[in-house]
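Listing of work.txt, compact mmCIF, C-alpha atoms
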```txt
# COMPACT_ATOMS: atom_id res chain seq x y z
CA MET A 1 12.17 -15.53 -12.81
CA THR A 2 14.16 -16.59 -9.78
CA VAL A 3 12.18 -18.65 -7.31
CA SER A 4 13.27 -18.75 -3.71
CA HIS A 5 11.73 -20.32 -0.63
CA GLN A 6 14.36 -19.37 1.95
CA PRO A 7 14.72 -17.74 4.40
CA PHE A 8 10.93 -17.64 4.48
CA LYS A 9 8.99 -19.55 7.10
CA LEU A 10 5.45 -20.09 5.88
CA LEU A 11 2.84 -20.41 8.58
CA ALA A 12 -0.86 -21.19 8.84
CA THR A 13 -3.75 -18.95 7.83
CA ARG A 14 -7.52 -19.57 7.80
CA SER A 15 -10.24 -20.99 5.60
CA ALA A 16 -11.27 -19.38 2.33
CA LEU A 17 -14.17 -16.99 2.19
CA VAL A 18 -16.83 -18.02 -0.30
CA CYS A 19 -18.02 -14.59 -1.41
CA VAL A 20 -16.77 -13.56 -4.87
CA LEU A 21 -16.30 -9.91 -5.87
CA ALA A 22 -15.52 -8.59 -9.33
CA VAL A 23 -12.62 -6.18 -8.86
CA ALA A 24 -10.05 -4.70 -11.20
CA VAL A 25 -6.38 -4.68 -10.16
CA GLY A 26 -7.12 -4.08 -6.54
CA PHE A 27 -9.13 -0.86 -6.84
CA LEU A 28 -12.70 -0.58 -5.63
CA VAL A 29 -15.30 2.12 -6.07
CA ALA A 30 -18.14 1.81 -3.56
CA PRO A 31 -20.53 4.05 -1.62
CA LEU A 32 -19.67 5.09 1.90
CA ALA A 33 -21.40 3.44 4.83
CA ALA A 34 -24.59 5.08 6.06
CA GLU A 35 -23.95 4.01 9.64
CA ALA A 36 -20.76 3.84 11.69
CA ASP A 37 -19.05 0.46 11.86
CA THR A 38 -17.53 -1.31 14.81
CA LEU A 39 -14.47 -3.52 14.57
CA ALA A 40 -16.74 -6.57 14.90
CA ASP A 41 -18.55 -5.42 11.73
CA LEU A 42 -15.31 -5.48 9.79
CA VAL A 43 -13.17 -8.36 11.05
CA GLU A 44 -14.01 -12.04 10.53
CA GLY A 45 -13.61 -13.54 13.99
CA LYS A 46 -11.05 -12.23 16.45
CA PRO A 47 -8.84 -9.30 15.33
CA GLU A 48 -5.70 -11.44 15.49
CA PRO A 49 -3.61 -11.31 12.28
CA ARG A 50 -1.73 -14.50 11.50
CA ILE A 51 1.88 -14.61 10.37
CA LEU A 52 1.82 -15.54 6.70
CA ALA A 53 5.60 -15.43 6.10
CA GLU A 54 8.67 -14.18 7.94
CA GLY A 55 12.44 -13.98 7.63
CA PHE A 56 12.64 -10.75 5.61
CA THR A 57 14.73 -7.64 6.25
CA PHE A 58 12.10 -4.86 5.91
CA THR A 59 8.84 -5.54 4.11
CA GLU A 60 6.93 -2.69 2.45
CA GLY A 61 4.52 -1.64 -0.26
CA PRO A 62 2.01 -4.53 -0.51
CA ALA A 63 0.02 -4.52 -3.75
CA THR A 64 -2.73 -6.83 -5.04
CA ASP A 65 -2.94 -7.98 -8.66
CA ALA A 66 -6.09 -8.93 -10.55
CA LYS A 67 -5.98 -12.49 -9.15
CA GLY A 68 -5.64 -11.29 -5.57
CA ASP A 69 -1.99 -12.32 -5.16
CA ILE A 70 0.10 -10.08 -2.92
CA TYR A 71 3.34 -8.46 -4.11
CA PHE A 72 5.60 -6.68 -1.65
CA SER A 73 9.07 -5.15 -1.42
CA ASP A 74 11.89 -6.27 0.85
CA LEU A 75 14.04 -3.16 1.16
CA GLY A 76 17.14 -4.76 2.65
CA THR A 77 17.52 -7.31 -0.12
CA THR A 78 16.12 -5.04 -2.88
CA LYS A 79 13.70 -7.72 -4.04
CA ILE A 80 10.00 -7.96 -4.81
CA HIS A 81 8.26 -11.10 -3.56
CA VAL A 82 4.82 -12.48 -4.33
CA TRP A 83 2.55 -14.57 -2.12
CA LYS A 84 0.24 -16.50 -4.37
CA VAL A 85 -3.16 -17.20 -2.89
CA PRO A 86 -3.63 -20.99 -3.04
CA ALA A 87 -6.43 -22.48 -5.13
CA GLY A 88 -9.55 -22.32 -3.00
CA GLY A 89 -8.23 -19.40 -0.97
CA LEU A 90 -6.43 -19.31 2.35
CA PRO A 91 -6.30 -22.73 4.03
CA PRO A 92 -7.61 -23.25 7.58
CA ALA A 93 -5.48 -22.35 10.58
CA GLY A 94 -3.05 -25.16 11.34
CA THR A 95 -2.82 -26.21 7.69
CA GLU A 96 0.66 -26.25 6.19
CA LEU A 97 0.96 -23.97 3.18
CA ALA A 98 2.45 -25.20 -0.07
CA GLN A 99 5.97 -23.91 -0.53
CA GLN A 100 5.26 -22.63 -4.03
CA THR A 101 2.93 -19.95 -2.66
CA MET A 102 5.94 -17.68 -1.97
CA GLU A 103 8.28 -16.61 -4.75
CA THR A 104 10.93 -14.00 -5.40
CA TRP A 105 9.35 -12.13 -8.30
CA LEU A 106 12.05 -9.57 -9.10
CA ASP A 107 15.72 -9.50 -8.10
CA PRO A 108 17.06 -6.85 -8.04
CA SER A 109 14.12 -4.46 -7.80
CA GLY A 110 16.10 -1.22 -7.65
CA LYS A 111 15.04 -0.90 -4.01
CA THR A 112 11.35 -0.43 -4.62
CA ASN A 113 9.19 0.66 -1.73
CA GLY A 114 5.52 1.36 -2.55
CA LEU A 115 3.93 -0.78 -5.29
CA PHE A 116 0.59 -0.63 -7.11
CA TRP A 117 -0.91 -2.61 -10.00
CA GLY A 118 -2.24 -0.33 -12.72
CA GLN A 119 -5.31 -0.79 -14.87
CA ASP A 120 -2.93 -1.62 -17.73
CA GLY A 121 -1.79 -4.77 -15.93
CA LYS A 122 1.66 -3.39 -15.11
CA LEU A 123 3.26 -2.95 -11.71
CA TYR A 124 4.13 0.62 -10.73
CA GLY A 125 6.68 1.31 -8.03
CA CYS A 126 8.62 3.89 -6.04
CA GLN A 127 12.35 3.27 -6.34
CA MET A 128 14.32 4.72 -3.46
CA ASP A 129 18.05 5.43 -3.22
CA PRO A 130 20.06 5.37 -5.44
CA HIS A 131 17.56 5.74 -8.31
CA ARG A 132 15.06 8.12 -6.65
CA ARG A 133 12.38 7.71 -9.29
CA MET A 134 8.94 6.37 -10.20
CA VAL A 135 8.98 3.31 -12.45
CA VAL A 136 6.70 0.87 -14.26
CA ILE A 137 7.54 -2.84 -14.43
CA ASP A 138 6.40 -5.13 -17.23
CA PRO A 139 5.02 -8.29 -15.58
CA VAL A 140 6.16 -10.54 -18.45
CA THR A 141 9.64 -9.27 -19.31
CA LYS A 142 10.33 -7.75 -15.87
CA GLU A 143 11.74 -4.73 -17.69
CA ILE A 144 11.86 -1.62 -15.47
CA THR A 145 11.04 1.63 -17.26
CA PRO A 146 11.57 5.04 -15.59
CA LEU A 147 8.38 7.06 -15.36
CA VAL A 148 9.43 10.18 -13.41
CA GLU A 149 13.00 10.91 -12.33
CA ARG A 150 12.99 14.70 -12.08
CA PHE A 151 10.63 17.56 -11.38
CA GLU A 152 11.38 20.91 -12.99
CA GLY A 153 14.80 19.56 -13.90
CA LYS A 154 15.70 18.49 -10.36
CA ARG A 155 16.07 14.96 -9.00
CA LEU A 156 13.32 13.68 -6.76
CA ASN A 157 14.10 13.11 -3.08
CA ASN A 158 13.10 9.50 -2.38
CA PRO A 159 9.68 8.40 -3.74
CA ASN A 160 7.96 6.33 -1.09
CA ASP A 161 4.28 5.50 -1.61
CA LEU A 162 1.78 5.71 -4.47
CA PHE A 163 -1.85 5.21 -5.35
CA ILE A 164 -3.43 4.83 -8.79
CA ASP A 165 -7.00 6.11 -8.87
CA ALA A 166 -9.91 5.03 -11.07
CA THR A 167 -8.93 7.49 -13.81
CA GLY A 168 -5.45 5.95 -14.06
CA ALA A 169 -3.75 8.98 -12.48
CA ILE A 170 -0.91 8.33 -10.04
CA TRP A 171 -0.51 10.13 -6.71
CA PHE A 172 2.86 9.66 -5.01
CA SER A 173 4.80 10.98 -2.02
CA ASP A 174 8.41 12.15 -2.20
CA PRO A 175 9.94 12.45 1.29
CA ALA A 176 13.64 13.03 1.86
CA TYR A 177 14.36 9.87 3.85
CA ASP A 178 18.12 9.18 4.06
CA ARG A 179 18.97 12.30 2.09
CA LYS A 180 21.96 14.39 3.14
CA PRO A 181 21.43 18.16 2.77
CA GLU A 182 23.84 18.34 -0.16
CA GLU A 183 21.89 15.59 -1.96
CA ILE A 184 18.55 17.38 -1.89
CA GLU A 185 17.66 19.07 -5.17
CA VAL A 186 13.90 19.46 -4.69
CA PRO A 187 13.61 21.42 -1.40
CA SER A 188 9.94 20.57 -0.82
CA GLU A 189 8.93 17.17 0.58
CA ALA A 190 5.69 16.95 -1.34
CA VAL A 191 3.00 14.88 -3.02
CA TYR A 192 2.78 14.72 -6.81
CA TRP A 193 0.19 13.80 -9.43
CA ILE A 194 0.94 12.07 -12.73
CA SER A 195 -1.76 12.34 -15.40
CA PRO A 196 -3.34 9.19 -16.85
CA ASP A 197 -1.53 9.75 -20.17
CA ARG A 198 1.75 10.10 -18.20
CA LYS A 199 2.53 13.41 -19.94
CA THR A 200 2.01 15.75 -16.97
CA VAL A 201 3.62 15.72 -13.53
CA LYS A 202 2.29 18.22 -11.02
CA ARG A 203 3.17 19.03 -7.41
CA VAL A 204 -0.20 19.05 -5.66
CA ALA A 205 0.50 19.16 -1.92
CA GLU A 206 3.36 20.32 0.29
CA GLY A 207 3.96 21.72 3.75
CA PHE A 208 4.82 18.38 5.36
CA LYS A 209 7.69 17.36 7.59
CA ARG A 210 7.85 14.00 5.84
CA PRO A 211 4.93 12.83 3.66
CA ASN A 212 4.53 9.09 3.42
CA GLY A 213 1.32 7.11 2.91
CA VAL A 214 -1.09 8.28 0.19
CA LEU A 215 -4.62 7.01 -0.46
CA VAL A 216 -7.64 7.99 -2.55
CA SER A 217 -11.09 7.31 -1.08
CA PRO A 218 -13.35 4.67 -2.69
CA ASP A 219 -15.51 7.34 -4.34
CA GLY A 220 -12.47 9.17 -5.72
CA LYS A 221 -13.37 12.43 -3.96
CA LEU A 222 -10.73 12.54 -1.20
CA LEU A 223 -6.95 12.26 -0.99
CA TYR A 224 -5.35 11.17 2.28
CA VAL A 225 -1.71 12.01 2.98
CA SER A 226 0.11 10.94 6.12
CA ASP A 227 2.97 12.99 7.56
CA ARG A 228 5.09 10.34 9.26
CA VAL A 229 7.39 12.72 11.16
CA GLY A 230 4.69 15.32 11.80
CA ASN A 231 2.47 12.63 13.38
CA GLU A 232 -0.62 13.70 11.46
CA THR A 233 -2.70 12.42 8.57
CA PHE A 234 -4.48 14.97 6.39
CA VAL A 235 -7.39 14.73 3.97
CA TYR A 236 -7.93 16.89 0.87
CA PRO A 237 -11.00 17.21 -1.36
CA ILE A 238 -10.15 16.28 -4.95
CA LEU A 239 -11.63 19.07 -7.07
CA GLY A 240 -10.49 17.81 -10.45
CA PRO A 241 -7.57 16.15 -12.25
CA GLY A 242 -4.51 17.05 -10.17
CA GLN A 243 -6.48 19.68 -8.23
CA LEU A 244 -6.91 19.65 -4.47
CA GLY A 245 -8.90 21.82 -2.10
CA GLU A 246 -7.94 22.94 1.39
CA ARG A 247 -6.58 20.23 3.62
CA LYS A 248 -7.98 19.21 6.98
CA LYS A 249 -6.50 17.06 9.71
CA PHE A 250 -7.93 13.55 9.61
CA CYS A 251 -6.19 11.97 12.62
CA ASP A 252 -3.25 12.45 14.97
CA TYR A 253 -1.24 9.52 13.63
CA GLY A 254 1.78 9.81 11.37
CA CYS A 255 1.32 6.65 9.32
CA ASP A 256 3.55 4.69 7.00
CA GLY A 257 0.85 3.16 4.82
CA LEU A 258 -2.92 3.46 4.37
CA ALA A 259 -5.78 1.38 2.97
CA PHE A 260 -9.57 1.62 2.74
CA ASP A 261 -12.53 -0.75 2.86
CA GLU A 262 -15.76 -0.67 0.89
CA HIS A 263 -17.43 1.50 3.56
CA GLY A 264 -14.76 4.17 3.27
CA ASN A 265 -13.07 3.30 6.57
CA VAL A 266 -9.35 4.11 6.59
CA TYR A 267 -6.80 1.59 7.89
CA THR A 268 -3.67 3.29 9.23
CA THR A 269 -0.24 2.06 10.34
CA PRO A 270 0.88 4.33 13.20
CA LYS A 271 4.14 4.08 15.14
CA LYS A 272 2.60 1.46 17.39
CA PRO A 273 2.14 -2.34 17.13
CA MET A 274 -1.37 -2.07 15.71
CA ILE A 275 -3.61 -1.11 12.82
CA ALA A 276 -5.87 1.81 13.75
CA VAL A 277 -9.14 1.90 11.80
CA PHE A 278 -10.94 5.23 11.33
CA ALA A 279 -14.42 5.96 10.01
CA PRO A 280 -14.69 8.35 7.04
CA ASP A 281 -15.35 11.24 9.44
CA GLY A 282 -12.13 10.55 11.37
CA THR A 283 -13.74 8.78 14.32
CA LEU A 284 -11.70 5.86 15.65
CA VAL A 285 -13.47 2.57 14.88
CA GLY A 286 -11.00 0.34 16.68
CA GLU A 287 -7.45 -0.99 16.91
CA ILE A 288 -6.11 -4.31 15.62
CA PRO A 289 -3.12 -5.46 17.71
CA LEU A 290 0.00 -6.70 15.93
CA PRO A 291 3.18 -8.52 17.02
CA GLY A 292 5.18 -5.47 15.90
CA ASN A 293 4.84 -2.16 14.07
CA ALA A 294 3.37 -2.29 10.58
CA THR A 295 4.84 -0.57 7.55
CA ASN A 296 1.90 -0.85 5.16
CA VAL A 297 -1.43 -2.54 4.56
CA THR A 298 -3.77 -3.53 1.73
CA PHE A 299 -6.69 -5.83 0.94
CA GLY A 300 -6.17 -8.89 -1.25
CA GLY A 301 -7.10 -12.49 -1.95
CA ALA A 302 -9.46 -13.67 -4.66
CA ASP A 303 -12.42 -12.00 -2.96
CA HIS A 304 -10.47 -9.04 -1.53
CA LYS A 305 -11.59 -9.97 1.97
CA THR A 306 -8.15 -10.53 3.46
CA LEU A 307 -6.20 -7.70 5.04
CA PHE A 308 -2.50 -8.13 4.28
CA ILE A 309 -0.01 -6.31 6.48
CA THR A 310 3.72 -5.81 5.97
CA ALA A 311 5.37 -5.66 9.39
CA ARG A 312 9.14 -5.30 9.00
CA ASP A 313 10.43 -8.91 8.92
CA LYS A 314 6.94 -10.41 8.52
CA VAL A 315 3.85 -10.45 6.34
CA LEU A 316 0.54 -10.88 8.18
CA ALA A 317 -2.98 -11.78 7.08
CA LEU A 318 -6.34 -11.11 8.69
CA PRO A 319 -9.67 -12.44 7.27
CA MET A 320 -12.25 -9.67 6.95
CA LYS A 321 -16.02 -9.33 6.50
CA VAL A 322 -15.56 -6.35 4.18
CA THR A 323 -13.74 -5.91 0.88
CA GLY A 324 -11.20 -3.20 0.33
CA GLY A 325 -8.20 -1.81 -1.53
CA GLY A 326 -5.17 0.32 -0.87
```

So, in terms of structure tokens, how does the structure I just supplied come out?
Amino acid sequence: MTVSHQPFKLLATRSALVCVLAVAVGFLVAPLAAEADTLADLVEGKPEPRILAEGFTFTEGPATDAKGDIYFSDLGTTKIHVWKVPAGGLPPAGTELAQQTMETWLDPSGKTNGLFWGQDGKLYGCQMDPHRRMVVIDPVTKEITPLVERFEGKRLNNPNDLFIDATGAIWFSDPAYDRKPEEIEVPSEAVYWISPDRKTVKRVAEGFKRPNGVLVSPDGKLLYVSDRVGNETFVYPILGPGQLGERKKFCDYGCDGLAFDEHGNVYTTPKKPMIAVFAPDGTLVGEIPLPGNATNVTFGGADHKTLFITARDKVLALPMKVTGGG
């Protein structure tokens, strides 16, 4: 493993939260809230994310492992980095972080974008151009194994985001970012489902201008898909393995990445310098201002009460009152 501390600039965060939650590889299953939340119900203190690290080219795809450490892609350098949560959790604001908390975990990564830790303890990822495939990465050997490269004999467009649900099935988006017309083999920019045994790949949703963020609700009953170019996020009922019902519009934001909390609230990354939080019924809960536009978001830390945000050249952290995944 290559360890690198430059060009990162590690900055202060806040004190550790004491609450401990038993979670498995970053995925939670919890009942939805009976009453609507406010932003004050969700965020610990002021909704002001702190810069955790900066100096990257384009951060994306944050994913939390079983220990709560955060892995994320840097598209410009084709690397995967990891921010290791210090012993005792995030230190208080103004405290200098130990340099060993940030490492380059994989170089090169094959230009991974979205990442997600599976129940098998392996890291799954969306490799963009030139590979255009779904892969699984062994955390010990760092060996990258192709999972899906083609659909019906045709090369995928540019896999972008993924989510692994409680059954072990993978949902992923395949937009045609950076594809020239002559390079497109699969004409539909769609969302796909990979069965838990990895033997079946099924196209489950299409009709988007450019699908991007995908998310399964905490109870496993809903699939959210964001159309980045269409400026809409849709929600589908999950009727069975790889089976979706009729879609409905969830919100008027075309988001890059999505996450949820234990109450079923959805955290979105619109084309604005903020995180917009929506209740399960699509009502806006509130907006968390950011220093720049976010690319993706997830919950992490040992207790899963820290919201981690990838924001182009930065990674941000915000202490929360609620647990979550994404």

Find the residues around Tyr71 in chain A up to 7 Å (all atoms listed in the file counted), leave out those fewer than 3 positions away in its own chain, and share them as a VMD selection string.
chain A and resid 62 to 64 80 to 83

Which of A:Val225, A:Ala259, A:Val135, A:Ala66 sits closest to Gly301 in chain A [using all atoms listed in the file]
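Answer, going by the shortest atom-to-atom distance: A:Ala66.
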
Which residues of range 103-144 of chain A have any atom within 12 Å of an atom in range 185-208 of chain A when counting all atoms listed in the file, and what is the closest pair of atoms for each, with the distance in Å to one decimal? Order the rows by chain and rising number and write it as a Markdown table.
```
| residue | atom | partner | partner_atom | distance |
| --- | --- | --- | --- | --- |
| A:Gly118 | CA | A:Pro196 | CA | 10.4 |
| A:Gln119 | CA | A:Pro196 | CA | 10.4 |
| A:Asp120 | CA | A:Pro196 | CA | 10.9 |
| A:Arg132 | CA | A:Glu185 | CA | 11.4 |
| A:Met134 | CA | A:Ile194 | CA | 10.1 |
| A:Val135 | CA | A:Arg198 | CA | 11.5 |
| A:Val136 | CA | A:Arg198 | CA | 11.2 |
```

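Among the candidates A:Asn212, A:Gly242, A:Gly292, A:Met102, the one nearest to Gly168 in chain A when counting only C-alpha atoms is A:Gly242.
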
Within 9 Å of (1.2, 18.2, 9.2), in the coordinates the file gives, what residues turn up when you count all atoms listed in the file, written out as number ranges by chain?
A: 207-211, 226-234, 249, 254

Give me a file of those residues, with C-alpha atoms, as a compact mmCIF listing (two decimals), keeping the file's coordinate frame.
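In the end it all went to again_27.txt:
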```txt
# COMPACT_ATOMS: atom_id res chain seq x y z
CA GLY A 207 3.96 21.72 3.75
CA PHE A 208 4.82 18.38 5.36
CA LYS A 209 7.69 17.36 7.59
CA ARG A 210 7.85 14.00 5.84
CA PRO A 211 4.93 12.83 3.66
CA SER A 226 0.11 10.94 6.12
CA ASP A 227 2.97 12.99 7.56
CA ARG A 228 5.09 10.34 9.26
CA VAL A 229 7.39 12.72 11.16
CA GLY A 230 4.69 15.32 11.80
CA ASN A 231 2.47 12.63 13.38
CA GLU A 232 -0.62 13.70 11.46
CA THR A 233 -2.70 12.42 8.57
CA PHE A 234 -4.48 14.97 6.39
CA LYS A 249 -6.50 17.06 9.71
CA GLY A 254 1.78 9.81 11.37
```

Just want the 8 Å neighbourhood of range 304-306 of chain A, counted on only C-alpha atoms, with same-chain residues fewer than 2 positions away dropped. Output as an MDAnalysis selection string.
chainID A and resid 17 21 26 68 299:302 308 317:325

Would you mind exporting the chosen residues as a short mmCIF file (atom, residue, chain, number, x, y, z; two decimals), in the frame of the given file, restricted to C-alpha atoms?
```cif
data_model
loop_
_atom_site.label_atom_id
_atom_site.label_comp_id
_atom_site.auth_asym_id
_atom_site.auth_seq_id
_atom_site.Cartn_x
_atom_site.Cartn_y
_atom_site.Cartn_z
CA LEU A 17 -14.17 -16.99 2.19
CA LEU A 21 -16.30 -9.91 -5.87
CA GLY A 26 -7.12 -4.08 -6.54
CA GLY A 68 -5.64 -11.29 -5.57
CA PHE A 299 -6.69 -5.83 0.94
CA GLY A 300 -6.17 -8.89 -1.25
CA GLY A 301 -7.10 -12.49 -1.95
CA ALA A 302 -9.46 -13.67 -4.66
CA PHE A 308 -2.50 -8.13 4.28
CA ALA A 317 -2.98 -11.78 7.08
CA LEU A 318 -6.34 -11.11 8.69
CA PRO A 319 -9.67 -12.44 7.27
CA MET A 320 -12.25 -9.67 6.95
CA LYS A 321 -16.02 -9.33 6.50
CA VAL A 322 -15.56 -6.35 4.18
CA THR A 323 -13.74 -5.91 0.88
CA GLY A 324 -11.20 -3.20 0.33
CA GLY A 325 -8.20 -1.81 -1.53
#
```
